[in-house]
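A.B. asks: Sharing start.pdb here; it has PDB, C-alpha atoms.
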ATOM      1  CA  MET O 164       7.749   6.961 -16.193
ATOM      2  CA  ALA O 165       7.306   7.955 -19.822
ATOM      3  CA  THR O 166       4.311  10.013 -20.858
ATOM      4  CA  SER O 167       3.472   8.833 -24.365
ATOM      5  CA  SER O 168      -0.019   7.455 -23.734
ATOM      6  CA  SER O 169      -2.865   7.651 -21.240
ATOM      7  CA  PRO O 170      -4.233   4.637 -19.380
ATOM      8  CA  THR O 171      -7.894   4.024 -18.830
ATOM      9  CA  THR O 172      -9.341   3.687 -15.368
ATOM     10  CA  ASP O 173     -12.446   2.042 -16.837
ATOM     11  CA  ALA O 174     -10.456  -1.180 -17.017
ATOM     12  CA  PRO O 175     -12.040  -4.585 -17.659
ATOM     13  CA  ALA O 176     -13.580  -6.356 -14.680
ATOM     14  CA  GLY O 177     -12.487  -9.717 -13.311
ATOM     15  CA  ASP O 178      -9.806 -11.781 -15.008
ATOM     16  CA  ALA O 179     -10.335  -9.902 -18.293
ATOM     17  CA  PHE O 180      -8.193  -7.164 -16.740
ATOM     18  CA  HIS O 181      -5.102  -9.311 -17.392
ATOM     19  CA  THR O 182      -5.811  -9.763 -21.119
ATOM     20  CA  PRO O 183      -3.892  -6.997 -22.884
ATOM     21  CA  PRO O 184      -5.274  -5.210 -25.912
ATOM     22  CA  ILE O 185      -3.910  -6.319 -29.280
ATOM     23  CA  PRO O 186      -1.896  -4.514 -30.395
ATOM     24  CA  LEU O 187      -0.499  -2.978 -27.235
ATOM     25  CA  PRO O 188      -0.837   0.804 -27.090
ATOM     26  CA  ASP O 189       2.259   2.741 -28.064
ATOM     27  CA  GLY O 190       4.543   3.630 -25.193
ATOM     28  CA  ALA O 191       7.629   2.741 -23.235
ATOM     29  CA  PRO O 192       8.258   0.075 -20.596
ATOM     30  CA  GLY O 193       6.452   1.116 -17.430
ATOM     31  CA  ASP O 194       3.691   3.037 -19.192
ATOM     32  CA  PRO O 195       0.286   2.024 -17.829
ATOM     33  CA  ILE O 196      -2.230   0.422 -20.185
ATOM     34  CA  HIS O 197      -5.105   0.514 -17.710
ATOM     35  CA  ALA O 198      -5.659   0.628 -13.985
ATOM     36  CA  ARG O 199      -8.467   0.113 -11.526
ATOM     37  CA  PRO O 200      -8.918   0.226  -7.775
ATOM     38  CA  LEU O 201      -8.372  -3.210  -6.235
ATOM     39  CA  ASP O 202     -11.517  -3.835  -4.244
ATOM     40  CA  ASN O 203     -10.787  -7.303  -2.867
ATOM     41  CA  PRO O 204     -11.373  -7.133   0.909
ATOM     42  CA  ALA O 205      -8.456  -9.534   1.462
ATOM     43  CA  ALA O 206      -6.153  -6.928  -0.090
ATOM     44  CA  ALA O 207      -7.544  -3.966   1.852
ATOM     45  CA  VAL O 208      -5.061  -1.413   3.175
ATOM     46  CA  PRO O 209      -6.448   0.139   6.379
ATOM     47  CA  GLY O 210      -7.046   3.784   5.515
ATOM     48  CA  GLY O 211      -5.180   3.395   2.241
ATOM     49  CA  GLU O 212      -5.907   1.985  -1.168
ATOM     50  CA  ASN O 213      -4.620  -0.576  -3.668
ATOM     51  CA  TRP O 214      -4.603  -0.232  -7.443
ATOM     52  CA  LEU O 215      -4.259  -3.024  -9.991
ATOM     53  CA  VAL O 216      -2.205  -1.870 -12.982
ATOM     54  CA  LEU O 217      -1.554  -3.447 -16.379
ATOM     55  CA  HIS O 218       1.495  -1.816 -17.916
ATOM     56  CA  ARG O 219       3.943  -2.169 -20.786
ATOM     57  CA  SER O 220       7.144  -4.037 -20.203
ATOM     58  CA  GLU O 221       9.837  -5.660 -22.316
ATOM     59  CA  GLY O 222      10.101  -9.383 -23.002
ATOM     60  CA  ALA O 223      13.330 -11.396 -23.097
ATOM     61  CA  ASP O 224      13.469 -10.806 -26.852
ATOM     62  CA  GLY O 225      13.191  -7.031 -26.383
ATOM     63  CA  GLY O 226       9.643  -6.907 -27.703
ATOM     64  CA  PRO O 227       6.766  -5.220 -25.897
ATOM     65  CA  VAL O 228       4.693  -7.280 -23.440
ATOM     66  CA  ALA O 229       2.056  -6.464 -20.860
ATOM     67  CA  THR O 230       2.592  -7.210 -17.187
ATOM     68  CA  SER O 231       0.468  -6.464 -14.156
ATOM     69  CA  GLY O 232       1.165  -5.315 -10.655
ATOM     70  CA  THR O 233      -0.369  -3.766  -7.590
ATOM     71  CA  ILE O 234       0.334  -0.321  -6.197
ATOM     72  CA  ALA O 235      -0.381   0.000  -2.465
ATOM     73  CA  LEU O 236      -0.840   3.508  -1.098
ATOM     74  CA  PRO O 237      -0.894   4.484   2.559
ATOM     75  CA  ASP O 238      -3.629   6.507   4.197
ATOM     76  CA  ARG O 239      -3.513   9.839   2.335
ATOM     77  CA  THR O 240      -4.651  11.710   5.434
ATOM     78  CA  ALA O 241      -1.584  10.539   7.348
ATOM     79  CA  HIS O 242       0.645  10.662   4.244
ATOM     80  CA  PRO O 243      -0.688  13.338   1.872
ATOM     81  CA  VAL O 244       0.422  13.401  -1.742
ATOM     82  CA  PRO O 245       0.255  16.363  -4.124
ATOM     83  CA  ALA O 246      -3.130  16.710  -5.830
ATOM     84  CA  ASP O 247      -1.558  16.356  -9.287
ATOM     85  CA  GLU O 248      -0.151  12.930  -8.381
ATOM     86  CA  PRO O 249      -3.292  10.811  -7.863
ATOM     87  CA  LEU O 250      -1.504   7.582  -7.009
ATOM     88  CA  GLY O 251       1.394   9.132  -5.166
ATOM     89  CA  SER O 252       3.751   8.279  -8.007
ATOM     90  CA  PRO O 253       6.544  10.511  -9.283
ATOM     91  CA  SER O 254       5.372  13.369 -11.470
ATOM     92  CA  GLY O 255       4.472  12.153 -14.906
ATOM     93  CA  SER O 256       2.403   9.124 -13.903
ATOM     94  CA  ARG O 257      -0.975   8.958 -15.525
ATOM     95  CA  LEU O 258      -3.063   6.582 -13.423
ATOM     96  CA  SER O 259      -5.871   8.979 -12.584
TER
END
Using structure tokens, write down the structure that the file contains.
C.D. replies:
Amino acid sequence: MATSSSPTTDAPAGDAFHTPPIPLPDGAPGDPIHARPLDNPAAAVPGGENWLVLHRSEGADGGPVATSGTIALPDRTAHPVPADEPLGSPSGSRLS
């Protein structure tokens, strides 16, 4: 994942989360725009956690677009991750 910008974890609440800022922040496809813990009980991961992420992607025309996704992490006690990788992503992620 590229490291050109930092996401915010103070992301908008509710459906506003999915409305990207205009213009999109500089970055490369895959760079997070913002992220927040997913606190919907229906999406709960026993012992783990889910994150909702809005990130840069590339449209069919090659232009930048925003897309969203969910990152599901297992129980960190049973599956520890290095302290410098808050979401268990490869080094370089910035979703803390």
A.B. asks: Assuming the chain letters and numbering stay as they are in my file, what does the PyMOL selection byres ((chain O and resi 176-185) around 8) actually select? List them as a ChimeraX atom specification.
C.D. replies: /O:174-175,186-188,217,229-231
A.B. asks: Find the distance between atom CA of O:Ala207 and atom CA of O:Ile234 and write it in Å to one decimal.
C.D. replies: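 Atom-to-atom, atom CA of O:Ala207 to atom CA of O:Ile234, that is 11.8 Å.
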A.B. asks: At most 12 Å from (-8.6, -2.7, -3.8), file frame, all atoms listed in the file: which residues, as a ChimeraX atom specification?
C.D. replies: /O:198-216,233-236
A.B. asks: What separation in Å, quoted to one decimal, exists between atom CA of O:Arg239 and atom CA of O:Arg219?
C.D. replies: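 The value is 27.1 Å.
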A.B. asks: Quick check, in Å to one decimal: how far apart do atom CA of O:Pro227 and atom CA of O:Gly193 lie?
C.D. replies: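 Interatomic distance, atom CA of O:Pro227 to atom CA of O:Gly193: 10.6 Å.
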A.B. asks: Nearest to O:Ile196: which of O:Ala223, O:Val228, O:His218, O:Pro237 is it, counting all atoms listed in the file?
C.D. replies: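 Ranked by minimum distance to O:Ile196, first place goes to O:His218.
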